[in-house]
Amino acid sequence: MTSISSLSAAFTGRDPDHQLFGPVPDRTGQSYEAVHPKRVGFFTDTSVCIGCKACEVACKEWNTLPMDDAHGQIDALGLSGESYDNTGMLGANSWRHVAFVEQSRAVDLPMPTVGLPGADAGTRPLQDPPVVHEGVPASATTAEQTDPQQTSSGDREIRWLMSSDVCKHCTHAACLDVCPTGSLFRTEFGTVVVQEDICNGCGYCVPACPYGVIDQRESDGRVFKCTLCYDRLTDGREPACASACPTQSIQFGDLDELQARADERLRALQDKGVEGARLYGRDEGDGVGGAGAFFLLLDEPEVYGLPPDPVVTTRDLPSMWRHAAAGAAMVLGLVAGAFAGRRR
Amino acid sequence: MFQQDLANADCIVIEGSNMAEAHPVGFQWVMEAKARGATVVHVDPRFTRTSALADLHVPIRAGTDIAFLGGLINFVLTHELDFREYVVAYTNAAAILREDFRDTEDLDGLFSGYDPEDRAYDETSWQYEGTSVTAAAGQRQSPQPGASGSATRPVGQGAGDEESHEASQSEQAGSGGITVGGKPKRDETLQHPRCVYQVLKRHYARYTPEMVQEVCGIEPAVFLQVAEALTANSGRERTSSFVYSVGWTHHTVGVQYIRTAAVLQALLGNMGRPGGGILALRGHASIQGSTDIPTLYNILPGYIPMPHASKDRDLDDFVGEASGSVGYWGNMRAYTVSLLKAWWGAAASAENDFCFGHLPRLTGDHSSYQTIAQQIQGNVPGYFLVGENPAVGHANAKMARLGLANLEWLVVRDLQMIESATFWQNGQELETGELRTEDIGTEVFFFPAATHVEKDGSFTNTQRLLQWHHQAVEPPGDARSDLWFYYHLGRIIRQKLADSTDPRDRPLLDLTWDYPVHGPFDEPSADAVLREISGTGPDGAAVSGYTALEDDGSTSCGCWIYSGCYADEVNQPARRKPGREQDWVAPEWGWAWPMNRRTLYNRASADPDGRPWSERKKYVHWDEDAGKWVGPDVPDFQAEKRPDYVPPEDARAEDGIGGADPFIMQNDGKAWLFVPSGLADGPMPTHYEPAESPVPNALYPQQANPSRIEVRGAWNRANPAQSEAFPYVVTTYRLTEHHTAGGMSRTLPYLSELQPEAFCEVSPQLAAERGLEHLGWATLVSARSAIEVKVLVTERVRPLRVAGREVHQVGLPYHWGPNGLVSGDPANDLLGAVLDPNVHIQESKVATCDIRPGRRPRGPALVEFVESYRQRAGSGSGLLPEGGRAPIEVQT
């Protein structure tokens with residue numbers, strides 16, 4: 001199990017219990033409460049996303065966010081020209097963002113053959129694969145699916161990639177590390193949340209986020225981002241976006257379960273020979289120690305506007321402090337030396 | 001079929017529907033099917049969000065689906081891939097036609113019986129050998145020349161030409177179709193040259209993959225991929241389903257589109273079986289309910305036809321021979337009398353014909369576009385608009401606005417101040433000078449309406465499922481429910497008329513208008529209305545279903561197909577047992593008409609002997625030990641009728657249906673591959689070009705549907721076929737982010753920001769050809785008007801090679817109008833009103849246009865600009881006299 005305490009990390013870099021980078025120790029049982037809740041997150045399976053943007057609307061409704069345009073301008077409206085994406089990016093006013101990526105390439109069509117249907121026609125096996133729960137849709141993890149979002153269209157092959165992006169709720173969250181007020185904190189669910197009544201608008205967290213997620217609202221000065229619906233979680237309900245998603249592209253749950261489901265889904269797609277299928281943010285050894293909200297992508301992360309190799313920006317803080325301290329000591333030494341010399 | 005059943009399909013063809021965008025919640029079942037290994041095919045002019053999730057997208061020229069589906073029928077018949085046992089037993093394939101029937105192959109695209117004068121068919125030659133069309137319900141279906149097609153003439157024929165105003169035959173038949181008298185001769189070997197199977201085979205023989213390419217622009221290899229996926233996934237062990245929406249219905253041949261799919265699915269044995277069938281996705285919440293308990297002019301609740309003024313003088317006339325016929329329509333008298341008892345209660349008795357005389361009567365075609373044409377003439381004093389925004393949402397929205405401007409009064413009930421309530425203030429015609437506010441005499445009454453969370457009531461969804469919603473909050477301000485509005489309107493009118501002795505007021509005064517009310521605003525009880533709809537028996541208790549209805553006035557029922565929705569005095573649609581606590585059919589979630597059946601004609605899921613066709617596709621079957629039909633669904637059959645039941649000669653109604661005849665609403669119990677009576681435009685679907693098409697009909701000299709209805713006037717000019725002035729195909733559609741004409745979405749910030757501007761989608765090739773720039777402005781022009789929208793250039797739209805040339809298609813979402821947070825020109829200003837002869841639906845899914853870069857002219861210059869196009873195209877002048885009251889023109 002992956003578990004993170006709500007204790008803030010120290011800046012020493014020496015205490016193995018307090019880290020800004022690398023593997024995180026298991027803190028199960030170390031809680032003020034009798035039972036520490038498991039770490040939760042999102043698994044966003046973009047291969048079944050239909051781009052309906054129900055997640056965006058549900059998020060804005062629940063969190064009463066302002067209307068804005070693709071540049072984050074409040075009360076502005078305008079066509080972005082980026083396919084069907086008029087949200088543009090994650091920001092203070094949009095905590096879910098569905099990207100639309102249009103791709104196309106030529107394919108060679110086989111010469112037409114007229115005759116009785118061949119054995120290669122698209123038929124499903126007569127033994128149906130087991131369904132997790134009869135009558136409940138699309139746990140896509142049990143799916144045997146051929147190339148999702150990759151459709152031949154006449155002599156072209158067109159892909160229209162759709163992907164709902166969100167705050168990653170990093171294992172090593174730089175926004176939280178740099179927050180001087182304690183407005184940003186790690187919840188008992190392992191998520192990262194801004195407390196709006198504490199944020200002083202210093203904006204340190206904005207450049208700290210390796211994904212460019214957290215953002216200041218210009219008219220307000222404070223920063224806002226996805227809370228993973230902390231208020232709903234404490235009431236035992238799933239986040240608004242996940243409950244609105246009609247195809248279970250956005251799955252909410254305990255992170256370890258989601259990870260297992262994602263691994264299985266990836267294997268199924270790879271077995272089907274789906275080019276480019278990969279998990280993003282799943283690896284606990286990556287630059288942010290793995291993400292609480294991770295993704296199944298069908299192409300390079302850059303295609304979706306995601307950084308290929310994000311690294312927590314506070315990774316080098318301890319060594320920076322050490323260098324700074326060494327530098328300061330040297331300066332002090334020099335100054336002391338100078339005074340000492342004058343006295344002579 | 002129902003949406004959840006899509007998960008059982010082995011192949012799903014979505015055509016004429018953008019399901020992922022327009023029905024995203026139901027689309028989860030397509031995703032489930034795909035996850036279980038089904039092949040998903042999307043046939044559509046554009047590559048949409050549905051295409052993105054399909055295995056195969058087939059780009060098709062808009063308006064050519066019959067050629068494509070006909071090609072599939074030809075493929076099935078040529079290779080004998082039909083499910084032969086099913087076809088012989090359950091369809092009319094073996095029936096033998098008369099000798100004088102002539103096909104479109106013989107008559108250059110027309111069937112025998114066509115009268116060019118009336119532009120209508122006489123169906124006599126379409127009959128089975130040795131049978132006659134005997135009307136199921138009296139004279140209304142009599143096959144006299146001109147009866148079926150009389151509505152096909154342009155509206156506005158002179159007075160004294162009443163016949164020409166009649167509603168078409170198919171509508172008058174209600175949902176039951178037409179009764180064919182006598183048993184047809186059959187050839188069970190399907191070899192007789194005049195049997196339906198062979199006639200069908202000849203009819204579609206030229207619909208080859210090459211012809212499909214020529215007409216639709218689909219490469220033969222792609223066509224064969226679909227044909228093979230569909231046929232390989234149909235038969236005893238497998239089933240395939242079709243999904244369609246208004247992409248099929250909004251055509252001058254819309255009914256025949258769906259007929260083509262029905263013929264194909266019947267041949268493949270995909271009807272009445274799990275994972276099989278044809279799923280019609282309705283456009284918005286409870287639109288199914290508003291045809292079941294209709295807001296249509298020509299049917300009564302439960303698809304009972306509306307009586308005709310001159311023909312249906314009394315109940316006996318009206319019910320006519322239906323009372324002696326076979327199939328469930330044989331009980332029409334019981335359904336009608338129970339309806340009359342529900343409406344007029346104690347006042348309705350056998351002595352006064354159960355108040356049959358109180359029913360309104362048809363005097364002609366009063367469908368939507370004809371009514372608008374009459375409004376423009378000043379012949380319609382008042383109009384109610386409830387949840388409809390024709391000033392944006394109707395094809396030829398300008399025509400709709402002209403109609404609204406020529407009323408005396410208009411009631412608009414809506415959630416928001418929609419364009420249809422503000423046309424006098426900010427309509428486009430004010431800017432062009434064609435109308436002036438001070439000259440518009442229409443008095444507009446706007447009533448804010450309560451939303452579904454602010455009132456009790458039911459939705460009837462796309463799969464006939466009634467689901468109850470309970471009021472969560474009180475409506476704000478003056479907003480009230482529709483039920484409240486009509487109940488109190490009726491109450492007040494009845495009060496005002498209470499002392500009237502005028503016989504014409506009797507229908508109002510005799511109504512049972514006694515619903516209990518509650519709350520601070522005297523809200524009527526929706527529950528009581530549902531109970532009345534479901535019906536009560538002689539003891540006053542709720543009936544179990546329509547089989548309990550009698551024709552002697554002892555029972556009462558507001559809509560026979562809904563009968564039983566209040567069985568056991570329980571609001572059945574309010575049942576919400578979670579899916580995980582019941583089987584996959586989930587019969588205890590809501591209530592589906594009729595009798596809580598989820599799949600219609602499900603007797604067809606068993607073979608003629610009553611055994612499942614296969615273990616894998618087991619559904620409803622005969623249990624010999626129990627002596628009844630069993631399965632997860634309610635059998636769509638008399639529960640204890642044995643599969644080997646042979647009806648005696650004199651049997652009537654349901655007793656006349658044999659034990660191996662699943663299609664119980666037809667009087668022969670068969671699925672009809674060939675329709676001997678009941679359709680205005682032919683017994684078999686035939687490819688006609690859309691009314692507005694850039695290319696000639698490659699299959700027949702007959703260019704477009706000869707029976708289509710044209711509504712002629714300066715306010716509705718047509719783009720001539722193959723006009724150089726209008727060289728491009730345009731198709732309109734919805735986006736996920738907005739709702740139809742925008743009344744429920746353009747006012748909401750969270751939806752408006754997602755699709756903030758009116759736009760069109762064009763291919764890079766068309767953009768290059770016409771100098772269109774991505775995100776720049778484009779002006780689209782037709783003979784009706786010109787509009788401006790932003791341009792999205794995308795490879796998702798592609799030119800098709802058709803008839804030796806490149807045909808460009810322009811995609812145009814239609815959500816915008818002048819009001820709301822996001823505004824834009826209504827796409828419907830561009831479209832004309834030209835209609836299907838069976839159901840009077842407009843061809844809004846395909847038209848022609850010109851497209852050019854830049855913004856449109858403003859003010860009076862816009863009128864001149866469009867007029868110059870009309871002159872070039874030879875469309876006739878569209879200049880309007882004062883008030884817009886240009887006359888309806890009669891075709892010469």
# chains A, B, ... in the order shown; residues from 1 in each chain; ligands from 1
call {"tool": "residues_around", "arguments": {"residues": "Thr462 in chain B", "least_positions_apart": "6", "cutoff": "12 Å", "atoms": "only C-alpha atoms", "output": "list of chain:residue names"}}
result
B:Met1, B:Phe2, B:Gln3, B:Gln4, B:His23, B:Gly26, B:Val243, B:Tyr244, B:Ser245, B:Ile278, B:Leu279, B:Ala280, B:Leu281, B:Arg282, B:Gly283, B:His284, B:Ala285, B:Ser286, B:Ile287, B:Gln288, B:Gly289, B:Ser290, B:Thr291, B:Asp292, B:Ala592, B:Trp593, B:Arg598
call {"tool": "closest_residue", "arguments": {"among": "B:Tyr487, B:Leu385, B:Glu474, B:Phe354", "to": "Phe447 in chain B", "atoms": "only C-alpha atoms"}}
result
B:Leu385
call {"tool": "residues_around", "arguments": {"residues": "range 261-270 of chain B", "least_positions_apart": "3", "cutoff": "9 Å", "atoms": "only C-alpha atoms", "output": "PyMOL selection string"}}
result
chain B and resi 66+69-70+72-73+76-77+81-87+90-91+93+230-231+234-236+238-242+256-258+273-278+604-605+671-674+684
call {"tool": "closest_residue", "arguments": {"among": "B:Lys183, B:Arg119, B:Arg852, B:His738", "to": "Lys790 in chain B", "atoms": "only C-alpha atoms"}}
result
B:Arg852
call {"tool": "closest_residue", "arguments": {"among": "B:Val212, B:Val570, B:Val543, B:Val222", "to": "chain A", "atoms": "only C-alpha atoms"}}
result
B:Val222
call {"tool": "closest_residue", "arguments": {"among": "A:Tyr84, A:Trp321, A:Tyr230, A:Phe21", "to": "chain B", "atoms": "only C-alpha atoms"}}
result
A:Tyr84
call {"tool": "select_by_dssp", "arguments": {"residues": "range 362-570 of chain B", "states": "strand (DSSP E or B)", "output": "PyMOL selection string"}}
result
chain B and resi 362+382-386+409-414+443-449+457-460+465-469+480+517-518+523-524+536+542+556
call {"tool": "write_last_selection", "arguments": {"atoms": "N, CA and C atoms", "output": "mmCIF file, in the first residue's frame"}}
result
data_model
loop_
_atom_site.group_PDB
_atom_site.id
_atom_site.type_symbol
_atom_site.label_atom_id
_atom_site.label_comp_id
_atom_site.auth_asym_id
_atom_site.auth_seq_id
_atom_site.Cartn_x
_atom_site.Cartn_y
_atom_site.Cartn_z
ATOM 1 N N LEU B 362 -59.986 15.783 -37.814
ATOM 2 C CA LEU B 362 -59.085 16.282 -38.853
ATOM 3 C C LEU B 362 -59.895 16.812 -40.023
ATOM 4 N N GLY B 382 -54.026 31.976 -32.862
ATOM 5 C CA GLY B 382 -53.262 31.782 -31.630
ATOM 6 C C GLY B 382 -52.395 30.542 -31.674
ATOM 7 N N TYR B 383 -51.366 30.509 -30.810
ATOM 8 C CA TYR B 383 -50.385 29.431 -30.875
ATOM 9 C C TYR B 383 -49.772 29.248 -29.491
ATOM 10 N N PHE B 384 -49.613 27.995 -29.083
ATOM 11 C CA PHE B 384 -48.910 27.674 -27.841
ATOM 12 C C PHE B 384 -47.547 27.077 -28.200
ATOM 13 N N LEU B 385 -46.503 27.629 -27.624
ATOM 14 C CA LEU B 385 -45.169 27.030 -27.773
ATOM 15 C C LEU B 385 -44.732 26.560 -26.395
ATOM 16 N N VAL B 386 -44.547 25.264 -26.257
ATOM 17 C CA VAL B 386 -44.187 24.701 -24.958
ATOM 18 C C VAL B 386 -42.920 23.883 -25.123
ATOM 19 N N TRP B 409 -52.135 36.105 -31.036
ATOM 20 C CA TRP B 409 -51.511 35.910 -29.725
ATOM 21 C C TRP B 409 -50.640 34.671 -29.733
ATOM 22 N N LEU B 410 -49.679 34.689 -28.825
ATOM 23 C CA LEU B 410 -48.710 33.597 -28.731
ATOM 24 C C LEU B 410 -48.407 33.355 -27.258
ATOM 25 N N VAL B 411 -48.531 32.102 -26.839
ATOM 26 C CA VAL B 411 -48.136 31.728 -25.481
ATOM 27 C C VAL B 411 -46.821 30.968 -25.571
ATOM 28 N N VAL B 412 -45.822 31.439 -24.846
ATOM 29 C CA VAL B 412 -44.536 30.729 -24.798
ATOM 30 C C VAL B 412 -44.307 30.299 -23.364
ATOM 31 N N ARG B 413 -44.186 29.004 -23.172
ATOM 32 C CA ARG B 413 -43.814 28.485 -21.849
ATOM 33 C C ARG B 413 -42.429 27.897 -21.965
ATOM 34 N N ASP B 414 -41.468 28.477 -21.269
ATOM 35 C CA ASP B 414 -40.098 27.967 -21.366
ATOM 36 C C ASP B 414 -39.327 28.329 -20.114
ATOM 37 N N GLU B 443 -49.531 39.331 -29.873
ATOM 38 C CA GLU B 443 -49.386 39.594 -28.443
ATOM 39 C C GLU B 443 -48.733 38.373 -27.811
ATOM 40 N N VAL B 444 -47.566 38.573 -27.198
ATOM 41 C CA VAL B 444 -46.796 37.447 -26.677
ATOM 42 C C VAL B 444 -46.978 37.343 -25.170
ATOM 43 N N PHE B 445 -47.397 36.174 -24.702
ATOM 44 C CA PHE B 445 -47.497 35.900 -23.270
ATOM 45 C C PHE B 445 -46.391 34.925 -22.909
ATOM 46 N N PHE B 446 -45.451 35.361 -22.089
ATOM 47 C CA PHE B 446 -44.370 34.467 -21.682
ATOM 48 C C PHE B 446 -44.635 33.964 -20.267
ATOM 49 N N PHE B 447 -44.637 32.640 -20.120
ATOM 50 C CA PHE B 447 -44.838 32.016 -18.810
ATOM 51 C C PHE B 447 -43.589 31.225 -18.447
ATOM 52 N N PRO B 448 -42.909 31.598 -17.389
ATOM 53 C CA PRO B 448 -41.741 30.801 -16.994
ATOM 54 C C PRO B 448 -42.176 29.410 -16.543
ATOM 55 N N ALA B 449 -41.426 28.415 -16.972
ATOM 56 C CA ALA B 449 -41.800 27.022 -16.700
ATOM 57 C C ALA B 449 -40.898 26.422 -15.631
ATOM 58 N N GLY B 457 -43.343 13.997 -11.921
ATOM 59 C CA GLY B 457 -43.750 13.591 -13.264
ATOM 60 C C GLY B 457 -42.913 12.442 -13.765
ATOM 61 N N SER B 458 -43.136 12.069 -15.000
ATOM 62 C CA SER B 458 -42.392 10.945 -15.560
ATOM 63 C C SER B 458 -41.717 11.365 -16.848
ATOM 64 N N PHE B 459 -40.613 10.731 -17.131
ATOM 65 C CA PHE B 459 -39.991 10.778 -18.444
ATOM 66 C C PHE B 459 -40.238 9.437 -19.120
ATOM 67 N N THR B 460 -40.575 9.456 -20.397
ATOM 68 C CA THR B 460 -40.556 8.218 -21.161
ATOM 69 C C THR B 460 -39.356 8.300 -22.068
ATOM 70 N N LEU B 465 -39.196 3.440 -21.706
ATOM 71 C CA LEU B 465 -39.099 3.251 -20.262
ATOM 72 C C LEU B 465 -39.603 4.500 -19.544
ATOM 73 N N LEU B 466 -40.621 4.301 -18.718
ATOM 74 C CA LEU B 466 -41.129 5.409 -17.907
ATOM 75 C C LEU B 466 -40.344 5.463 -16.609
ATOM 76 N N GLN B 467 -39.783 6.627 -16.315
ATOM 77 C CA GLN B 467 -39.054 6.805 -15.065
ATOM 78 C C GLN B 467 -39.619 8.031 -14.357
ATOM 79 N N TRP B 468 -39.975 7.844 -13.110
ATOM 80 C CA TRP B 468 -40.617 8.907 -12.345
ATOM 81 C C TRP B 468 -39.564 9.815 -11.720
ATOM 82 N N HIS B 469 -39.854 11.105 -11.694
ATOM 83 C CA HIS B 469 -38.992 12.012 -10.926
ATOM 84 C C HIS B 469 -39.844 12.744 -9.903
ATOM 85 N N ARG B 480 -44.021 27.688 -13.074
ATOM 86 C CA ARG B 480 -44.966 26.634 -12.699
ATOM 87 C C ARG B 480 -44.797 25.457 -13.653
ATOM 88 N N VAL B 517 -55.343 18.604 -5.778
ATOM 89 C CA VAL B 517 -54.250 19.578 -5.796
ATOM 90 C C VAL B 517 -53.622 19.657 -4.408
ATOM 91 N N HIS B 518 -52.376 20.159 -4.373
ATOM 92 C CA HIS B 518 -51.680 20.268 -3.092
ATOM 93 C C HIS B 518 -50.707 21.443 -3.158
ATOM 94 N N GLU B 523 -50.864 22.741 -6.829
ATOM 95 C CA GLU B 523 -50.255 21.883 -7.847
ATOM 96 C C GLU B 523 -51.092 20.610 -7.985
ATOM 97 N N PRO B 524 -51.525 20.291 -9.203
ATOM 98 C CA PRO B 524 -52.290 19.043 -9.358
ATOM 99 C C PRO B 524 -51.396 17.826 -9.116
ATOM 100 N N THR B 536 -58.546 2.270 -15.005
ATOM 101 C CA THR B 536 -59.248 1.645 -13.887
ATOM 102 C C THR B 536 -60.337 0.720 -14.419
ATOM 103 N N ALA B 542 -57.185 0.196 -10.035
ATOM 104 C CA ALA B 542 -56.240 0.250 -11.158
ATOM 105 C C ALA B 542 -56.221 -1.086 -11.892
ATOM 106 N N SER B 556 -61.766 2.349 -17.966
ATOM 107 C CA SER B 556 -61.306 3.674 -18.355
ATOM 108 C C SER B 556 -59.785 3.627 -18.440
#
call {"tool": "atom_distance", "arguments": {"atom1": "CA of Trp343 in chain B", "atom2": "CA of Leu549 in chain B"}}
result
15.1 Å
call {"tool": "atom_distance", "arguments": {"atom1": "CA of Asn838 in chain B", "atom2": "CA of Val58 in chain B"}}
result
28.4 Å
call {"tool": "residues_around", "arguments": {"residues": "Phe224 in chain A", "least_positions_apart": "5", "cutoff": "8 Å", "atoms": "only C-alpha atoms", "output": "MDAnalysis selection string"}}
result
chainID A and resid 91:93 194 196 214:217
call {"tool": "write_last_selection", "arguments": {"atoms": "N, CA and C atoms", "output": "PDB file, in the first residue's frame"}}
result
ATOM      1  N   GLY A  91      -6.344  25.449 -14.764  1.00  0.00           N
ATOM      2  CA  GLY A  91      -6.029  26.739 -14.165  1.00  0.00           C
ATOM      3  C   GLY A  91      -6.865  26.954 -12.929  1.00  0.00           C
ATOM      4  N   ALA A  92      -6.838  28.185 -12.451  1.00  0.00           N
ATOM      5  CA  ALA A  92      -7.577  28.498 -11.226  1.00  0.00           C
ATOM      6  C   ALA A  92      -9.069  28.292 -11.420  1.00  0.00           C
ATOM      7  N   ASN A  93      -9.558  28.407 -12.680  1.00  0.00           N
ATOM      8  CA  ASN A  93     -10.998  28.357 -12.927  1.00  0.00           C
ATOM      9  C   ASN A  93     -11.449  27.078 -13.621  1.00  0.00           C
ATOM     10  N   VAL A 194      -5.591  23.006  -1.350  1.00  0.00           N
ATOM     11  CA  VAL A 194      -5.357  24.392  -0.925  1.00  0.00           C
ATOM     12  C   VAL A 194      -6.501  24.804  -0.002  1.00  0.00           C
ATOM     13  N   GLU A 196      -8.523  27.745   1.017  1.00  0.00           N
ATOM     14  CA  GLU A 196      -8.731  29.067   0.441  1.00  0.00           C
ATOM     15  C   GLU A 196      -8.667  30.173   1.488  1.00  0.00           C
ATOM     16  N   ILE A 214      -1.387  24.301 -10.724  1.00  0.00           N
ATOM     17  CA  ILE A 214      -1.912  25.268  -9.756  1.00  0.00           C
ATOM     18  C   ILE A 214      -1.726  26.678 -10.314  1.00  0.00           C
ATOM     19  N   ASP A 215      -2.711  27.526 -10.055  1.00  0.00           N
ATOM     20  CA  ASP A 215      -2.768  28.791 -10.786  1.00  0.00           C
ATOM     21  C   ASP A 215      -3.424  29.844  -9.905  1.00  0.00           C
ATOM     22  N   GLN A 216      -2.970  31.091 -10.080  1.00  0.00           N
ATOM     23  CA  GLN A 216      -3.562  32.204  -9.353  1.00  0.00           C
ATOM     24  C   GLN A 216      -4.748  32.766 -10.120  1.00  0.00           C
ATOM     25  N   ARG A 217      -5.807  33.085  -9.399  1.00  0.00           N
ATOM     26  CA  ARG A 217      -6.938  33.761 -10.030  1.00  0.00           C
ATOM     27  C   ARG A 217      -6.644  35.254  -9.987  1.00  0.00           C
TER      28      ARG A 217
END
call {"tool": "residues_around", "arguments": {"residues": "Trp622 in chain B", "least_positions_apart": "6", "cutoff": "12 Å", "atoms": "only C-alpha atoms", "output": "list of chain:residue names"}}
result
B:Asn602, B:Arg603, B:Ala604, B:Ser605, B:Ala606, B:Asp607, B:Pro608, B:Asp609, B:Gly610, B:Arg611, B:Pro612, B:Trp613, B:Lys628, B:Trp629, B:Val630, B:Gly631, B:Pro635, B:Phe637, B:Gln638, B:Ala639, B:Glu640, B:Lys641, B:Arg642, B:Pro643, B:Asp644, B:Gly659, B:Ala660
call {"tool": "write_last_selection", "arguments": {"atoms": "N, CA and C atoms", "output": "compact mmCIF listing (two decimals), in the first residue's frame"}}
result
# COMPACT_ATOMS: atom_id res chain seq x y z
N ASN B 602 -40.29 -10.23 -28.63
CA ASN B 602 -39.24 -11.12 -28.14
C ASN B 602 -39.57 -12.60 -28.31
N ARG B 603 -40.80 -12.91 -28.78
CA ARG B 603 -41.11 -14.29 -29.16
C ARG B 603 -40.14 -14.75 -30.25
N ALA B 604 -39.61 -13.77 -31.03
CA ALA B 604 -38.70 -14.11 -32.13
C ALA B 604 -37.33 -14.56 -31.63
N SER B 605 -37.08 -14.45 -30.31
CA SER B 605 -35.80 -14.95 -29.80
C SER B 605 -35.80 -16.46 -29.66
N ALA B 606 -36.97 -17.08 -29.89
CA ALA B 606 -37.05 -18.54 -29.91
C ALA B 606 -37.40 -18.99 -31.33
N ASP B 607 -37.09 -20.22 -31.65
CA ASP B 607 -37.39 -20.71 -33.00
C ASP B 607 -38.89 -21.04 -33.09
N PRO B 608 -39.37 -21.41 -34.27
CA PRO B 608 -40.82 -21.64 -34.40
C PRO B 608 -41.36 -22.65 -33.38
N ASP B 609 -40.53 -23.61 -32.96
CA ASP B 609 -40.98 -24.59 -31.98
C ASP B 609 -40.89 -24.07 -30.55
N GLY B 610 -40.40 -22.87 -30.40
CA GLY B 610 -40.36 -22.29 -29.07
C GLY B 610 -39.05 -22.50 -28.34
N ARG B 611 -38.05 -23.12 -29.03
CA ARG B 611 -36.75 -23.33 -28.38
C ARG B 611 -35.84 -22.13 -28.67
N PRO B 612 -34.92 -21.83 -27.76
CA PRO B 612 -33.98 -20.73 -28.06
C PRO B 612 -33.21 -21.05 -29.34
N TRP B 613 -32.97 -20.02 -30.15
CA TRP B 613 -32.19 -20.24 -31.38
C TRP B 613 -30.82 -20.79 -31.04
N LYS B 628 -45.97 -22.37 -20.57
CA LYS B 628 -45.99 -20.93 -20.85
C LYS B 628 -44.62 -20.47 -21.34
N TRP B 629 -44.61 -19.22 -21.83
CA TRP B 629 -43.37 -18.61 -22.29
C TRP B 629 -42.63 -18.05 -21.09
N VAL B 630 -41.33 -18.27 -21.03
CA VAL B 630 -40.54 -17.83 -19.89
C VAL B 630 -39.27 -17.14 -20.38
N GLY B 631 -38.66 -16.38 -19.49
CA GLY B 631 -37.41 -15.68 -19.81
C GLY B 631 -37.24 -14.50 -18.89
N PRO B 635 -42.73 -11.86 -21.74
CA PRO B 635 -42.91 -12.34 -23.12
C PRO B 635 -43.86 -11.42 -23.89
N PHE B 637 -46.09 -11.90 -26.04
CA PHE B 637 -46.90 -12.95 -26.63
C PHE B 637 -47.90 -13.35 -25.57
N GLN B 638 -49.02 -13.93 -26.00
CA GLN B 638 -49.94 -14.46 -24.99
C GLN B 638 -49.20 -15.54 -24.22
N ALA B 639 -49.15 -15.39 -22.91
CA ALA B 639 -48.23 -16.16 -22.09
C ALA B 639 -48.39 -17.66 -22.27
N GLU B 640 -49.62 -18.11 -22.50
CA GLU B 640 -49.84 -19.56 -22.55
C GLU B 640 -50.21 -20.05 -23.94
N LYS B 641 -49.98 -19.21 -24.95
CA LYS B 641 -50.26 -19.66 -26.32
C LYS B 641 -49.13 -20.57 -26.79
N ARG B 642 -49.49 -21.80 -27.14
CA ARG B 642 -48.47 -22.77 -27.52
C ARG B 642 -47.82 -22.39 -28.85
N PRO B 643 -46.53 -22.75 -29.02
CA PRO B 643 -45.87 -22.42 -30.31
C PRO B 643 -46.53 -23.12 -31.50
N ASP B 644 -47.24 -24.21 -31.24
CA ASP B 644 -47.87 -24.90 -32.38
C ASP B 644 -49.34 -24.50 -32.54
N GLY B 659 -49.12 -19.45 -33.20
CA GLY B 659 -48.15 -19.64 -32.13
C GLY B 659 -46.71 -19.42 -32.56
N ALA B 660 -46.47 -19.34 -33.86
CA ALA B 660 -45.12 -19.11 -34.35
C ALA B 660 -45.03 -17.79 -35.12
call {"tool": "atom_distance", "arguments": {"atom1": "CA of Ile218 in chain B", "atom2": "CA of Ala38 in chain B"}}
result
22.6 Å
call {"tool": "closest_residue", "arguments": {"among": "B:Pro818, B:Gly713, B:Pro799, B:Gly656", "to": "chain A", "atoms": "only C-alpha atoms"}}
result
B:Pro799
call {"tool": "closest_residue", "arguments": {"among": "B:Cys195, B:Ala725, B:Val822, B:Ala309", "to": "chain A", "atoms": "only C-alpha atoms"}}
result
B:Val822
call {"tool": "residues_around", "arguments": {"residues": "range 61-78 of chain A", "least_positions_apart": "3", "cutoff": "9 Å", "atoms": "only C-alpha atoms", "output": "list in words"}}
result
Glu56, Val57, Ala58, Asp85, Asn86, Thr87, Gly88, Met89, Leu90, Gly91, Ala92, Asn93, Ser94, Trp95, Arg217, Glu218, Ser219, Cys229 and Ala240 of chain A; Pro749, Tyr750, Ser752, Glu753, Leu754, Gln755, Pro756, Glu757, Leu821 and Val822 of chain B
